[in-house]
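K.L.:
So here's work-v3.pdb (PDB, C-alpha atoms).
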ATOM      1  CA  MET T   1       0.529   8.236   2.976
ATOM      2  CA  THR T   2      -2.374  10.585   2.324
ATOM      3  CA  VAL T   3      -5.964  10.729   1.074
ATOM      4  CA  THR T   4      -8.067  13.441  -0.549
ATOM      5  CA  PRO T   5     -10.178  15.318   2.066
ATOM      6  CA  SER T   6     -13.329  15.150  -0.063
ATOM      7  CA  PHE T   7     -13.276  11.347   0.167
ATOM      8  CA  SER T   8     -13.146  11.401   3.974
ATOM      9  CA  LYS T   9     -15.853  14.074   4.096
ATOM     10  CA  ALA T  10     -18.033  11.973   1.793
ATOM     11  CA  ILE T  11     -17.679   8.956   4.093
ATOM     12  CA  VAL T  12     -18.862  11.041   7.049
ATOM     13  CA  ALA T  13     -21.805  12.327   4.993
ATOM     14  CA  VAL T  14     -23.042   8.893   3.863
ATOM     15  CA  LEU T  15     -23.007   7.402   7.381
ATOM     16  CA  ALA T  16     -26.304   9.043   8.424
ATOM     17  CA  PRO T  17     -28.622   6.367   6.882
ATOM     18  CA  SER T  18     -26.749   3.738   8.921
ATOM     19  CA  GLY T  19     -27.314   5.688  12.140
ATOM     20  CA  ILE T  20     -23.575   6.048  12.720
ATOM     21  CA  THR T  21     -22.127   9.325  13.953
ATOM     22  CA  VAL T  22     -18.505  10.411  14.052
ATOM     23  CA  PRO T  23     -17.122  12.254  17.118
ATOM     24  CA  ASP T  24     -17.421  16.026  16.695
ATOM     25  CA  ALA T  25     -13.710  16.641  17.271
ATOM     26  CA  LEU T  26     -12.771  14.214  14.482
ATOM     27  CA  CYS T  27     -15.379  15.713  12.131
ATOM     28  CA  GLN T  28     -13.995  19.192  12.763
ATOM     29  CA  GLU T  29     -10.443  17.974  12.171
ATOM     30  CA  ILE T  30     -11.440  16.495   8.803
ATOM     31  CA  GLN T  31     -13.514  19.521   7.785
ATOM     32  CA  GLN T  32     -10.612  21.918   8.352
ATOM     33  CA  TYR T  33      -8.675  20.458   5.408
ATOM     34  CA  PRO T  34      -9.363  22.396   2.181
ATOM     35  CA  ALA T  35      -9.834  20.486  -1.075
ATOM     36  CA  GLU T  36      -6.370  21.397  -2.380
ATOM     37  CA  GLN T  37      -4.592  19.814   0.614
ATOM     38  CA  ARG T  38      -4.132  16.136   1.459
ATOM     39  CA  LEU T  39      -5.408  14.436   4.588
ATOM     40  CA  PRO T  40      -2.842  12.272   6.437
ATOM     41  CA  MET T  41      -3.712   8.568   6.286
ATOM     42  CA  SER T  42      -3.485   8.486  10.087
ATOM     43  CA  VAL T  43      -6.579  10.726  10.249
ATOM     44  CA  GLN T  44      -8.375   8.471   7.769
ATOM     45  CA  ASP T  45      -7.439   5.480   9.948
ATOM     46  CA  ARG T  46      -8.941   7.186  13.002
ATOM     47  CA  LEU T  47     -12.143   7.817  11.056
ATOM     48  CA  TRP T  48     -12.537   4.116  10.270
ATOM     49  CA  GLN T  49     -11.582   3.198  13.846
ATOM     50  CA  ALA T  50     -14.372   5.455  15.126
ATOM     51  CA  ILE T  51     -16.880   3.891  12.724
ATOM     52  CA  GLU T  52     -15.980   0.211  13.120
ATOM     53  CA  PRO T  53     -17.460  -0.512  16.607
ATOM     54  CA  HIS T  54     -20.894   0.668  15.418
ATOM     55  CA  CYS T  55     -20.946  -1.354  12.205
ATOM     56  CA  LYS T  56     -22.723  -4.565  11.294
ATOM     57  CA  ALA T  57     -20.994  -7.368   9.394
ATOM     58  CA  THR T  58     -21.599  -5.796   5.965
ATOM     59  CA  THR T  59     -21.913  -2.067   6.729
ATOM     60  CA  GLY T  60     -18.904  -1.473   4.486
ATOM     61  CA  PHE T  61     -20.997  -2.507   1.487
ATOM     62  CA  ASP T  62     -23.635   0.072   2.454
ATOM     63  CA  ILE T  63     -21.027   2.828   2.770
ATOM     64  CA  GLY T  64     -19.389   2.009  -0.568
ATOM     65  CA  SER T  65     -22.723   1.769  -2.383
ATOM     66  CA  ARG T  66     -23.689   5.276  -1.250
ATOM     67  CA  LEU T  67     -20.460   6.856  -2.475
ATOM     68  CA  GLN T  68     -20.845   8.471  -5.899
ATOM     69  CA  PRO T  69     -18.181   9.040  -8.603
ATOM     70  CA  ASP T  70     -18.014  12.776  -7.884
ATOM     71  CA  HIS T  71     -16.861  11.981  -4.326
ATOM     72  CA  TYR T  72     -13.538  10.907  -5.870
ATOM     73  CA  ASP T  73     -12.609  14.286  -7.381
ATOM     74  CA  MET T  74     -10.567  14.022 -10.594
ATOM     75  CA  LEU T  75     -10.617  10.208 -10.581
ATOM     76  CA  GLY T  76     -14.407  10.177 -10.551
ATOM     77  CA  PHE T  77     -14.609  12.526 -13.532
ATOM     78  CA  LEU T  78     -12.039  10.446 -15.425
ATOM     79  CA  VAL T  79     -14.053   7.272 -14.849
ATOM     80  CA  LEU T  80     -17.286   8.952 -15.939
ATOM     81  CA  SER T  81     -15.590  10.147 -19.144
ATOM     82  CA  CYS T  82     -15.012   6.527 -20.214
ATOM     83  CA  THR T  83     -17.164   4.792 -22.804
ATOM     84  CA  ARG T  84     -16.040   1.272 -21.917
ATOM     85  CA  LEU T  85     -15.430  -0.653 -18.728
ATOM     86  CA  SER T  86     -11.903  -1.423 -19.969
ATOM     87  CA  GLN T  87     -11.124   2.313 -20.162
ATOM     88  CA  ALA T  88     -12.548   2.946 -16.698
ATOM     89  CA  ALA T  89     -10.384   0.148 -15.274
ATOM     90  CA  ASP T  90      -7.288   1.701 -16.876
ATOM     91  CA  MET T  91      -8.119   5.036 -15.232
ATOM     92  CA  LEU T  92      -8.643   3.388 -11.850
ATOM     93  CA  VAL T  93      -5.369   1.471 -12.018
ATOM     94  CA  SER T  94      -3.391   4.520 -13.188
ATOM     95  CA  TYR T  95      -4.888   7.293 -11.052
ATOM     96  CA  SER T  96      -6.386   5.811  -7.865
ATOM     97  CA  ARG T  97      -3.538   7.399  -5.870
ATOM     98  CA  LEU T  98      -5.270  10.734  -6.444
ATOM     99  CA  VAL T  99      -7.945   9.554  -3.997
ATOM    100  CA  GLY T 100      -5.769   7.675  -1.525
ATOM    101  CA  GLU T 101      -2.467   5.863  -1.135
ATOM    102  CA  GLY T 102      -3.702   3.026   1.045
ATOM    103  CA  GLY T 103      -3.417   0.330  -1.603
ATOM    104  CA  ARG T 104      -3.037  -0.556  -5.264
ATOM    105  CA  PHE T 105      -5.570  -1.463  -7.951
ATOM    106  CA  TYR T 106      -4.573  -3.926 -10.645
ATOM    107  CA  LYS T 107      -6.161  -5.657 -13.639
ATOM    108  CA  GLU T 108      -5.328  -8.980 -15.248
ATOM    109  CA  ARG T 109      -6.686 -11.387 -17.825
ATOM    110  CA  THR T 110      -8.046 -14.676 -16.445
ATOM    111  CA  GLU T 111      -9.736 -17.718 -17.951
ATOM    112  CA  GLN T 112     -13.113 -16.304 -16.888
ATOM    113  CA  GLY T 113     -12.557 -12.779 -18.206
ATOM    114  CA  TRP T 114     -10.967  -9.631 -16.778
ATOM    115  CA  ARG T 115     -10.123  -9.293 -13.099
ATOM    116  CA  LEU T 116     -10.108  -5.866 -11.465
ATOM    117  CA  GLY T 117      -8.534  -6.201  -8.037
ATOM    118  CA  TYR T 118      -7.250  -4.282  -5.035
ATOM    119  CA  GLN T 119      -4.330  -5.015  -2.728
ATOM    120  CA  ALA T 120      -4.608  -3.080   0.528
ATOM    121  CA  GLN T 121      -1.663  -1.698   2.484
ATOM    122  CA  PHE T 122      -3.692  -0.732   5.567
ATOM    123  CA  SER T 123      -4.625  -2.859   8.588
ATOM    124  CA  THR T 124      -7.052  -0.599  10.490
ATOM    125  CA  ALA T 125     -10.716  -1.677  10.055
ATOM    126  CA  ARG T 126      -9.484  -3.727   7.124
ATOM    127  CA  GLN T 127     -12.587  -5.772   6.263
ATOM    128  CA  LEU T 128     -14.911  -2.789   6.642
ATOM    129  CA  ARG T 129     -12.789  -0.685   4.290
ATOM    130  CA  LEU T 130     -12.339  -3.452   1.747
ATOM    131  CA  GLN T 131     -16.098  -3.950   1.631
ATOM    132  CA  ALA T 132     -16.530  -0.230   0.969
ATOM    133  CA  ILE T 133     -13.900  -0.326  -1.790
ATOM    134  CA  LEU T 134     -15.463  -3.309  -3.583
ATOM    135  CA  ALA T 135     -18.937  -1.773  -3.368
ATOM    136  CA  SER T 136     -17.779   1.653  -4.547
ATOM    137  CA  VAL T 137     -15.892   0.161  -7.505
ATOM    138  CA  LEU T 138     -18.969  -1.840  -8.520
ATOM    139  CA  ASN T 139     -21.049   1.325  -8.144
ATOM    140  CA  GLY T 140     -18.662   3.077 -10.550
ATOM    141  CA  VAL T 141     -18.869   0.149 -12.979
ATOM    142  CA  ARG T 142     -22.645   0.456 -12.995
ATOM    143  CA  HIS T 143     -22.413   4.187 -13.696
ATOM    144  CA  VAL T 144     -20.128   3.556 -16.679
ATOM    145  CA  THR T 145     -22.196   0.678 -18.093
ATOM    146  CA  GLU T 146     -25.526   2.325 -17.193
ATOM    147  CA  THR T 147     -26.770  -1.103 -16.051
ATOM    148  CA  GLU T 148     -27.084  -3.058 -12.794
ATOM    149  CA  LEU T 149     -24.219  -5.227 -14.027
ATOM    150  CA  ALA T 150     -23.362  -8.304 -11.956
ATOM    151  CA  PRO T 151     -19.716  -9.459 -11.981
ATOM    152  CA  LEU T 152     -18.991 -13.027 -12.995
ATOM    153  CA  GLU T 153     -17.050 -13.542  -9.779
ATOM    154  CA  VAL T 154     -16.153 -11.657  -6.605
ATOM    155  CA  GLY T 155     -13.140 -12.549  -4.478
ATOM    156  CA  MET T 156     -12.754 -11.445  -0.861
ATOM    157  CA  GLU T 157      -9.964 -12.098   1.617
ATOM    158  CA  TRP T 158     -12.162 -12.653   4.692
ATOM    159  CA  PRO T 159     -13.759 -16.019   5.648
ATOM    160  CA  GLU T 160     -17.142 -17.174   4.371
ATOM    161  CA  PRO T 161     -20.000 -15.524   6.328
ATOM    162  CA  ASP T 162     -23.063 -17.184   7.834
ATOM    163  CA  GLU T 163     -25.412 -14.699   6.157
ATOM    164  CA  TYR T 164     -25.335 -14.382   2.373
ATOM    165  CA  ARG T 165     -28.236 -12.017   1.720
ATOM    166  CA  PRO T 166     -26.241  -8.731   1.827
ATOM    167  CA  TYR T 167     -23.751 -10.242  -0.621
ATOM    168  CA  ARG T 168     -26.493 -11.314  -3.016
ATOM    169  CA  LYS T 169     -28.165  -7.910  -2.764
ATOM    170  CA  LEU T 170     -24.964  -6.193  -3.931
ATOM    171  CA  PHE T 171     -23.293  -8.737  -6.207
ATOM    172  CA  LYS T 172     -26.472 -10.458  -7.485
ATOM    173  CA  THR T 173     -25.614 -13.645  -9.417
ATOM    174  CA  ALA T 174     -21.813 -13.417  -9.095
ATOM    175  CA  ARG T 175     -19.822 -16.413  -7.862
ATOM    176  CA  LEU T 176     -18.620 -15.546  -4.364
ATOM    177  CA  LYS T 177     -15.172 -16.690  -3.250
ATOM    178  CA  PHE T 178     -13.856 -16.101   0.262
ATOM    179  CA  SER T 179     -10.434 -16.403   1.934
ATOM    180  CA  GLN T 180      -8.772 -15.209  -1.283
ATOM    181  CA  PRO T 181      -5.256 -13.674  -1.451
ATOM    182  CA  SER T 182      -6.709 -10.410  -2.821
ATOM    183  CA  ASN T 183     -10.050  -8.680  -3.325
ATOM    184  CA  TYR T 184     -11.416  -8.505  -6.849
ATOM    185  CA  LEU T 185     -14.282  -8.385  -9.331
ATOM    186  CA  VAL T 186     -14.279 -10.414 -12.570
ATOM    187  CA  PHE T 187     -16.133  -9.290 -15.713
ATOM    188  CA  SER T 188     -16.713 -11.031 -19.044
ATOM    189  CA  ASP T 189     -14.859 -10.023 -22.217
ATOM    190  CA  THR T 190     -18.133  -8.757 -23.678
ATOM    191  CA  GLU T 191     -18.859  -6.451 -20.742
ATOM    192  CA  TRP T 192     -15.214  -5.368 -20.537
ATOM    193  CA  TRP T 193     -14.983  -4.127 -24.134
ATOM    194  CA  GLN T 194     -18.550  -3.112 -24.966
ATOM    195  CA  GLN T 195     -18.968   0.553 -25.846
ATOM    196  CA  ARG T 196     -21.847   2.073 -23.895
ATOM    197  CA  ARG T 197     -21.881   5.658 -25.070
ATOM    198  CA  HIS T 198     -19.842   8.272 -26.924
ATOM    199  CA  ASN T 199     -17.759  11.072 -25.479
ATOM    200  CA  SER T 200     -15.072  13.540 -26.473
ATOM    201  CA  PRO T 201     -11.611  11.883 -26.719
ATOM    202  CA  GLU T 202     -10.044  15.356 -26.688
ATOM    203  CA  LEU T 203     -11.745  16.232 -23.388
ATOM    204  CA  GLN T 204     -10.667  12.941 -21.852
ATOM    205  CA  GLN T 205      -7.051  13.452 -22.952
ATOM    206  CA  HIS T 206      -7.125  16.920 -21.399
ATOM    207  CA  MET T 207      -8.390  15.435 -18.126
ATOM    208  CA  VAL T 208      -5.673  12.778 -18.220
ATOM    209  CA  LYS T 209      -3.029  15.504 -18.530
ATOM    210  CA  LEU T 210      -4.513  17.278 -15.501
ATOM    211  CA  ALA T 211      -4.487  13.999 -13.579
ATOM    212  CA  GLU T 212      -0.823  13.440 -14.479
ATOM    213  CA  LEU T 213       0.012  16.904 -13.140
ATOM    214  CA  GLN T 214      -1.795  16.123  -9.893
ATOM    215  CA  LEU T 215       0.117  12.857  -9.555
ATOM    216  CA  ARG T 216       3.442  14.636 -10.014
ATOM    217  CA  ARG T 217       2.535  17.134  -7.308
ATOM    218  CA  LEU T 218       1.430  14.302  -5.048
ATOM    219  CA  GLN T 219       4.710  12.414  -5.210
ATOM    220  CA  PRO T 220       8.291  13.322  -6.115
ATOM    221  CA  GLU T 221       9.434  11.890  -9.439
ATOM    222  CA  THR T 222      10.476   8.273  -8.962
ATOM    223  CA  ILE T 223      12.664   6.107 -11.156
ATOM    224  CA  ALA T 224       9.436   4.615 -12.569
ATOM    225  CA  ASP T 225       8.262   8.132 -13.483
ATOM    226  CA  LYS T 226      11.584   8.860 -15.199
ATOM    227  CA  VAL T 227      11.433   5.657 -17.237
ATOM    228  CA  ARG T 228       7.797   6.336 -18.108
ATOM    229  CA  THR T 229       8.669   9.841 -19.344
ATOM    230  CA  ILE T 230      11.473   8.531 -21.571
ATOM    231  CA  LEU T 231       9.278   5.801 -23.044
ATOM    232  CA  GLN T 232       6.354   8.146 -23.648
ATOM    233  CA  GLN T 233       8.641  10.243 -25.826
ATOM    234  CA  GLN T 234      10.557   7.337 -27.427
ATOM    235  CA  PRO T 235       8.527   4.102 -27.038
ATOM    236  CA  TRP T 236      10.841   2.195 -29.390
ATOM    237  CA  LEU T 237      13.744   2.258 -26.908
ATOM    238  CA  GLY T 238      14.872  -0.956 -25.246
ATOM    239  CA  ARG T 239      16.089  -1.566 -21.701
ATOM    240  CA  SER T 240      19.768  -1.031 -22.485
ATOM    241  CA  GLN T 241      19.059   2.331 -24.131
ATOM    242  CA  VAL T 242      16.859   3.554 -21.279
ATOM    243  CA  ALA T 243      19.401   2.393 -18.701
ATOM    244  CA  GLU T 244      22.126   4.269 -20.583
ATOM    245  CA  ALA T 245      19.974   7.425 -20.645
ATOM    246  CA  LEU T 246      19.641   7.166 -16.851
ATOM    247  CA  ALA T 247      23.366   6.444 -16.394
ATOM    248  CA  MET T 248      22.919   3.046 -14.765
ATOM    249  CA  SER T 249      23.233  -0.625 -15.656
ATOM    250  CA  GLU T 250      20.265  -2.682 -16.862
ATOM    251  CA  ARG T 251      20.382  -4.823 -13.725
ATOM    252  CA  HIS T 252      20.423  -1.762 -11.478
ATOM    253  CA  LEU T 253      17.485  -0.284 -13.396
ATOM    254  CA  ASN T 254      15.347  -3.372 -12.793
ATOM    255  CA  ARG T 255      16.389  -3.402  -9.138
ATOM    256  CA  LYS T 256      15.358   0.258  -8.744
ATOM    257  CA  LEU T 257      11.978  -0.384 -10.411
ATOM    258  CA  LYS T 258      11.085  -3.400  -8.251
ATOM    259  CA  PRO T 259       9.998  -1.457  -5.105
ATOM    260  CA  TYR T 260       7.411   0.345  -7.254
ATOM    261  CA  GLY T 261       5.889  -2.931  -8.439
ATOM    262  CA  PHE T 262       7.408  -2.825 -11.928
ATOM    263  CA  SER T 263       9.921  -4.620 -14.058
ATOM    264  CA  PHE T 264      11.192  -2.810 -17.146
ATOM    265  CA  LYS T 265       9.053  -5.118 -19.282
ATOM    266  CA  SER T 266       5.814  -4.485 -17.371
ATOM    267  CA  LEU T 267       6.367  -0.724 -17.350
ATOM    268  CA  THR T 268       7.154  -0.735 -21.073
ATOM    269  CA  GLU T 269       3.959  -2.680 -21.783
ATOM    270  CA  GLU T 270       1.904  -0.178 -19.776
ATOM    271  CA  VAL T 271       3.362   2.864 -21.545
ATOM    272  CA  LYS T 272       3.141   1.337 -25.020
ATOM    273  CA  LYS T 273      -0.496   0.377 -24.537
ATOM    274  CA  GLN T 274      -1.398   3.877 -23.353
ATOM    275  CA  ARG T 275       0.482   5.485 -26.247
ATOM    276  CA  LEU T 276      -1.120   3.068 -28.726
ATOM    277  CA  GLN T 277      -4.600   4.058 -27.558
ATOM    278  CA  GLU T 278      -3.728   7.722 -28.047
ATOM    279  CA  LEU T 279      -2.430   7.091 -31.589
ATOM    280  CA  LEU T 280      -5.526   5.111 -32.575
ATOM    281  CA  VAL T 281      -7.778   7.932 -31.377
ATOM    282  CA  ASN T 282      -5.794  10.621 -33.202
ATOM    283  CA  ASP T 283      -5.273   8.723 -36.486
ATOM    284  CA  GLN T 284      -7.818   6.007 -37.223
ATOM    285  CA  ARG T 285      -6.066   5.086 -40.507
ATOM    286  CA  ILE T 286      -2.583   4.526 -39.105
ATOM    287  CA  SER T 287      -1.155   1.269 -40.488
ATOM    288  CA  GLN T 288      -0.001  -1.746 -38.520
ATOM    289  CA  SER T 289       3.447  -1.565 -40.144
ATOM    290  CA  HIS T 290       3.846   2.046 -39.027
ATOM    291  CA  LEU T 291       2.790   1.139 -35.487
ATOM    292  CA  ALA T 292       5.203  -1.805 -35.406
ATOM    293  CA  ASP T 293       8.079   0.449 -36.457
ATOM    294  CA  TYR T 294       7.095   3.219 -34.025
ATOM    295  CA  PHE T 295       7.023   0.851 -31.055
ATOM    296  CA  GLY T 296      10.313  -0.787 -31.957
ATOM    297  CA  TYR T 297       9.114  -4.218 -33.086
ATOM    298  CA  ALA T 298      11.215  -6.154 -35.587
ATOM    299  CA  ASP T 299       8.208  -7.065 -37.731
ATOM    300  CA  GLU T 300       4.437  -6.742 -37.949
ATOM    301  CA  SER T 301       3.878 -10.252 -36.619
ATOM    302  CA  ALA T 302       5.566  -9.463 -33.298
ATOM    303  CA  PHE T 303       3.600  -6.241 -32.975
ATOM    304  CA  ALA T 304       0.325  -8.017 -33.845
ATOM    305  CA  LYS T 305       0.882 -10.405 -30.923
ATOM    306  CA  ALA T 306       1.552  -7.464 -28.600
ATOM    307  CA  PHE T 307      -1.556  -5.643 -29.850
ATOM    308  CA  LYS T 308      -3.746  -8.661 -29.125
ATOM    309  CA  ARG T 309      -2.166  -9.055 -25.682
ATOM    310  CA  TRP T 310      -2.913  -5.433 -24.805
ATOM    311  CA  MET T 311      -6.336  -5.035 -26.402
ATOM    312  CA  GLY T 312      -7.748  -8.563 -26.346
ATOM    313  CA  MET T 313      -8.275  -8.536 -30.154
ATOM    314  CA  ASN T 314      -6.403  -7.756 -33.368
ATOM    315  CA  LEU T 315      -6.206  -4.331 -35.027
ATOM    316  CA  SER T 316      -8.886  -5.119 -37.617
ATOM    317  CA  GLN T 317     -11.328  -6.306 -34.949
ATOM    318  CA  TYR T 318     -10.555  -3.238 -32.845
ATOM    319  CA  ARG T 319     -11.387  -0.896 -35.726
ATOM    320  CA  GLN T 320     -14.583  -2.772 -36.549
ATOM    321  CA  ARG T 321     -15.679  -2.396 -32.941
ATOM    322  CA  GLU T 322     -14.866   1.319 -32.957
ATOM    323  CA  GLU T 323     -17.056   1.824 -36.025
ATOM    324  CA  GLN T 324     -20.102   0.283 -34.366
TER
END
As structure tokens - that is how I would like this structure written.

P.N.:
Amino acid sequence: MTVTPSFSKAIVAVLAPSGITVPDALCQEIQQYPAEQRLPMSVQDRLWQAIEPHCKATTGFDIGSRLQPDHYDMLGFLVLSCTRLSQAADMLVSYSRLVGEGGRFYKERTEQGWRLGYQAQFSTARQLRLQAILASVLNGVRHVTETELAPLEVGMEWPEPDEYRPYRKLFKTARLKFSQPSNYLVFSDTEWWQQRRHNSPELQQHMVKLAELQLRRLQPETIADKVRTILQQQPWLGRSQVAEALAMSERHLNRKLKPYGFSFKSLTEEVKKQRLQELLVNDQRISQSHLADYFGYADESAFAKAFKRWMGMNLSQYRQREEQ
């Protein structure tokens, strides 16, 4: 596993206000990596190990709050190009590996709203790093929304602390839940979908293509990548057709996808949603019947249900919101 050097260098840089210094030898080792190379996760682990003994209970929040979007290279620019929190979450889930491979972001619909969460794969200085991740994500959210937005709820995997003030300072009025199975922020539907500003869809699509190229260079093409490529070109294909194109059985295809956190259904949903968003940007008058046919749905009713599942509203409501 690896991490972008600029992220590690940024962590070193933002430690000064906390009065924490990193050993010179470790600083020099990190500084020697040029931007185009990747830093081994073992070096990143040693950085957090060096920091941890000098930290207070919530120093991770301070570190994460000082990190700015441009510290995350391409991912930061992608997030800043978004006009809605929902778009920014999509970018984070899809491209966070460009910053580091120490965990996985996810999003899901809940009764309260939309949950944006993180499942860590590291153990070194775990609570400190998770605090920094939650704070940095919230910092990015506030850049996108241009407000001091408070989540509805914050979930953390560590036990309830004795001192709440640092949590209230960062998360404000959010409900705080401890000893949770994952770490997450929950936002309301209104905040999730509200358009904050306008940007260039063409520029964002260009940046997404650059990010995809970086991801391919970062990791060899996996079975998930191969399926994604096929579906991006022919989103109407079903599992049997994709399995046939890859010369394997449907059962074997699902088994091969499982280690990457996907089933064929979940991967199909992800690709179709992304392709749908591209089509709606490029042709604002495209009909629901055409979309249903393009994505391989038997009728408009089935597609309408899928559209609402992906976007949280129907096509008419989506277009009304876009016109605002």

K.L.:
With distances taken over only C-alpha atoms, which of T:Ala132, T:Ala16, T:Ile11, T:Leu75 is nearest to Phe61 in chain T?

P.N.:
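Among T:Ala132, T:Ala16, T:Ile11, T:Leu75, it is T:Ala132 that comes nearest to Phe61 in chain T.
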
K.L.:
Using the chain letters and numbers from the file, give me the residues hit by the PyMOL selection byres ((chain T and resi 81) around 10), as a ChimeraX atom specification.

P.N.:
/T:75-80,82-84,87-88,91,144,197-201,203-205,207

K.L.:
May I have the residues within 9 Å of range 275-282 of chain T as a PyMOL selection string, using all atoms listed in the file and disregarding those fewer than 6 positions away in the same chain?

P.N.:
chain T and resi 201+205+232+235+291+295+307+319

K.L.:
Once the PyMOL selection byres ((chain T and resi 130) around 9) has been evaluated on this model, what residues remain selected, and can you format them as a list in words?

P.N.:
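Matching residues under the PyMOL selection byres ((chain T and resi 130) around 9) are Gly60, Phe61, Tyr118, Ala120, Ala125, Arg126, Gln127, Leu128, Arg129, Gln131, Ala132, Ile133, Leu134, Ala135, Met156, Glu157 and Asn183 of chain T.
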
K.L.:
T:Glu244, T:Ala298, T:Gln284, T:Glu29: which is nearest Tyr318 in chain T, counting all atoms listed in the file?

P.N.:
T:Gln284

K.L.:
Could you tell me how far CA of Trp310 in chain T lies from CA of Phe105 in chain T, in Å and to one decimal?

P.N.:
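Going from CA of Trp310 in chain T over to CA of Phe105 in chain T covers 17.5 Å.
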
K.L.:
Just say which residues the PyMOL selection byres ((chain T and resi 2) around 6) picks in this file, as a list in words.

P.N.:
Met1, Val3, Arg38, Leu39, Pro40, Met41, Gly100 and Glu101 of chain T

K.L.:
Show me, as a list in words, the residues that have an atom within 12 Å of Ser94 in chain T when counting all atoms listed in the file, minus same-chain residues fewer than 4 positions from it.

P.N.:
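My list of contacting residues is Leu75, Leu78, Val79, Gln87, Ala88, Ala89, Asp90, Leu98, Val99, Arg104, Phe105, Tyr106, Lys107, Val208, Ala211, Glu212, Leu215, Leu267, Glu270, Val271 and Gln274 of chain T.
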
K.L.:
Take the point (-17.1, 5.7, 10.2) as written in the file and pick out every residue within 6 Å of it, counting all atoms listed in the file; give the list as a list of chain:residue names.

P.N.:
T:Leu47, T:Trp48, T:Ala50, T:Ile51

K.L.:
Interatomic distance between CA of Trp193 in chain T and CA of Thr145 in chain T?

P.N.:
10.6 Å

K.L.:
So, with only C-alpha atoms as the atoms that count, which of T:Arg309, T:Lys56, T:Arg175, T:His290 lies closest to Glu163 in chain T?

P.N.:
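That would be T:Lys56, the residue with the smallest distance to Glu163 in chain T.
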
K.L.:
Of the candidates T:Ile230, T:Val12, T:Ile223, T:Cys27, which one gets nearest to Asn254 in chain T if we count only C-alpha atoms?

P.N.:
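Once distances to Asn254 in chain T are computed over only C-alpha atoms, the minimum belongs to T:Ile223.
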
K.L.:
Take CA of Arg196 in chain T and CA of His143 in chain T and report the distance between them in Å, one decimal.

P.N.:
10.4 Å

K.L.:
Leaving out Glu250 in chain T and any residue of its chain fewer than 3 positions from it, which residues lie within 6 Å of it when counting all atoms listed in the file, given as a list in words?

P.N.:
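The contact residues come out as Ser240, Ala243 and Leu253 of chain T.
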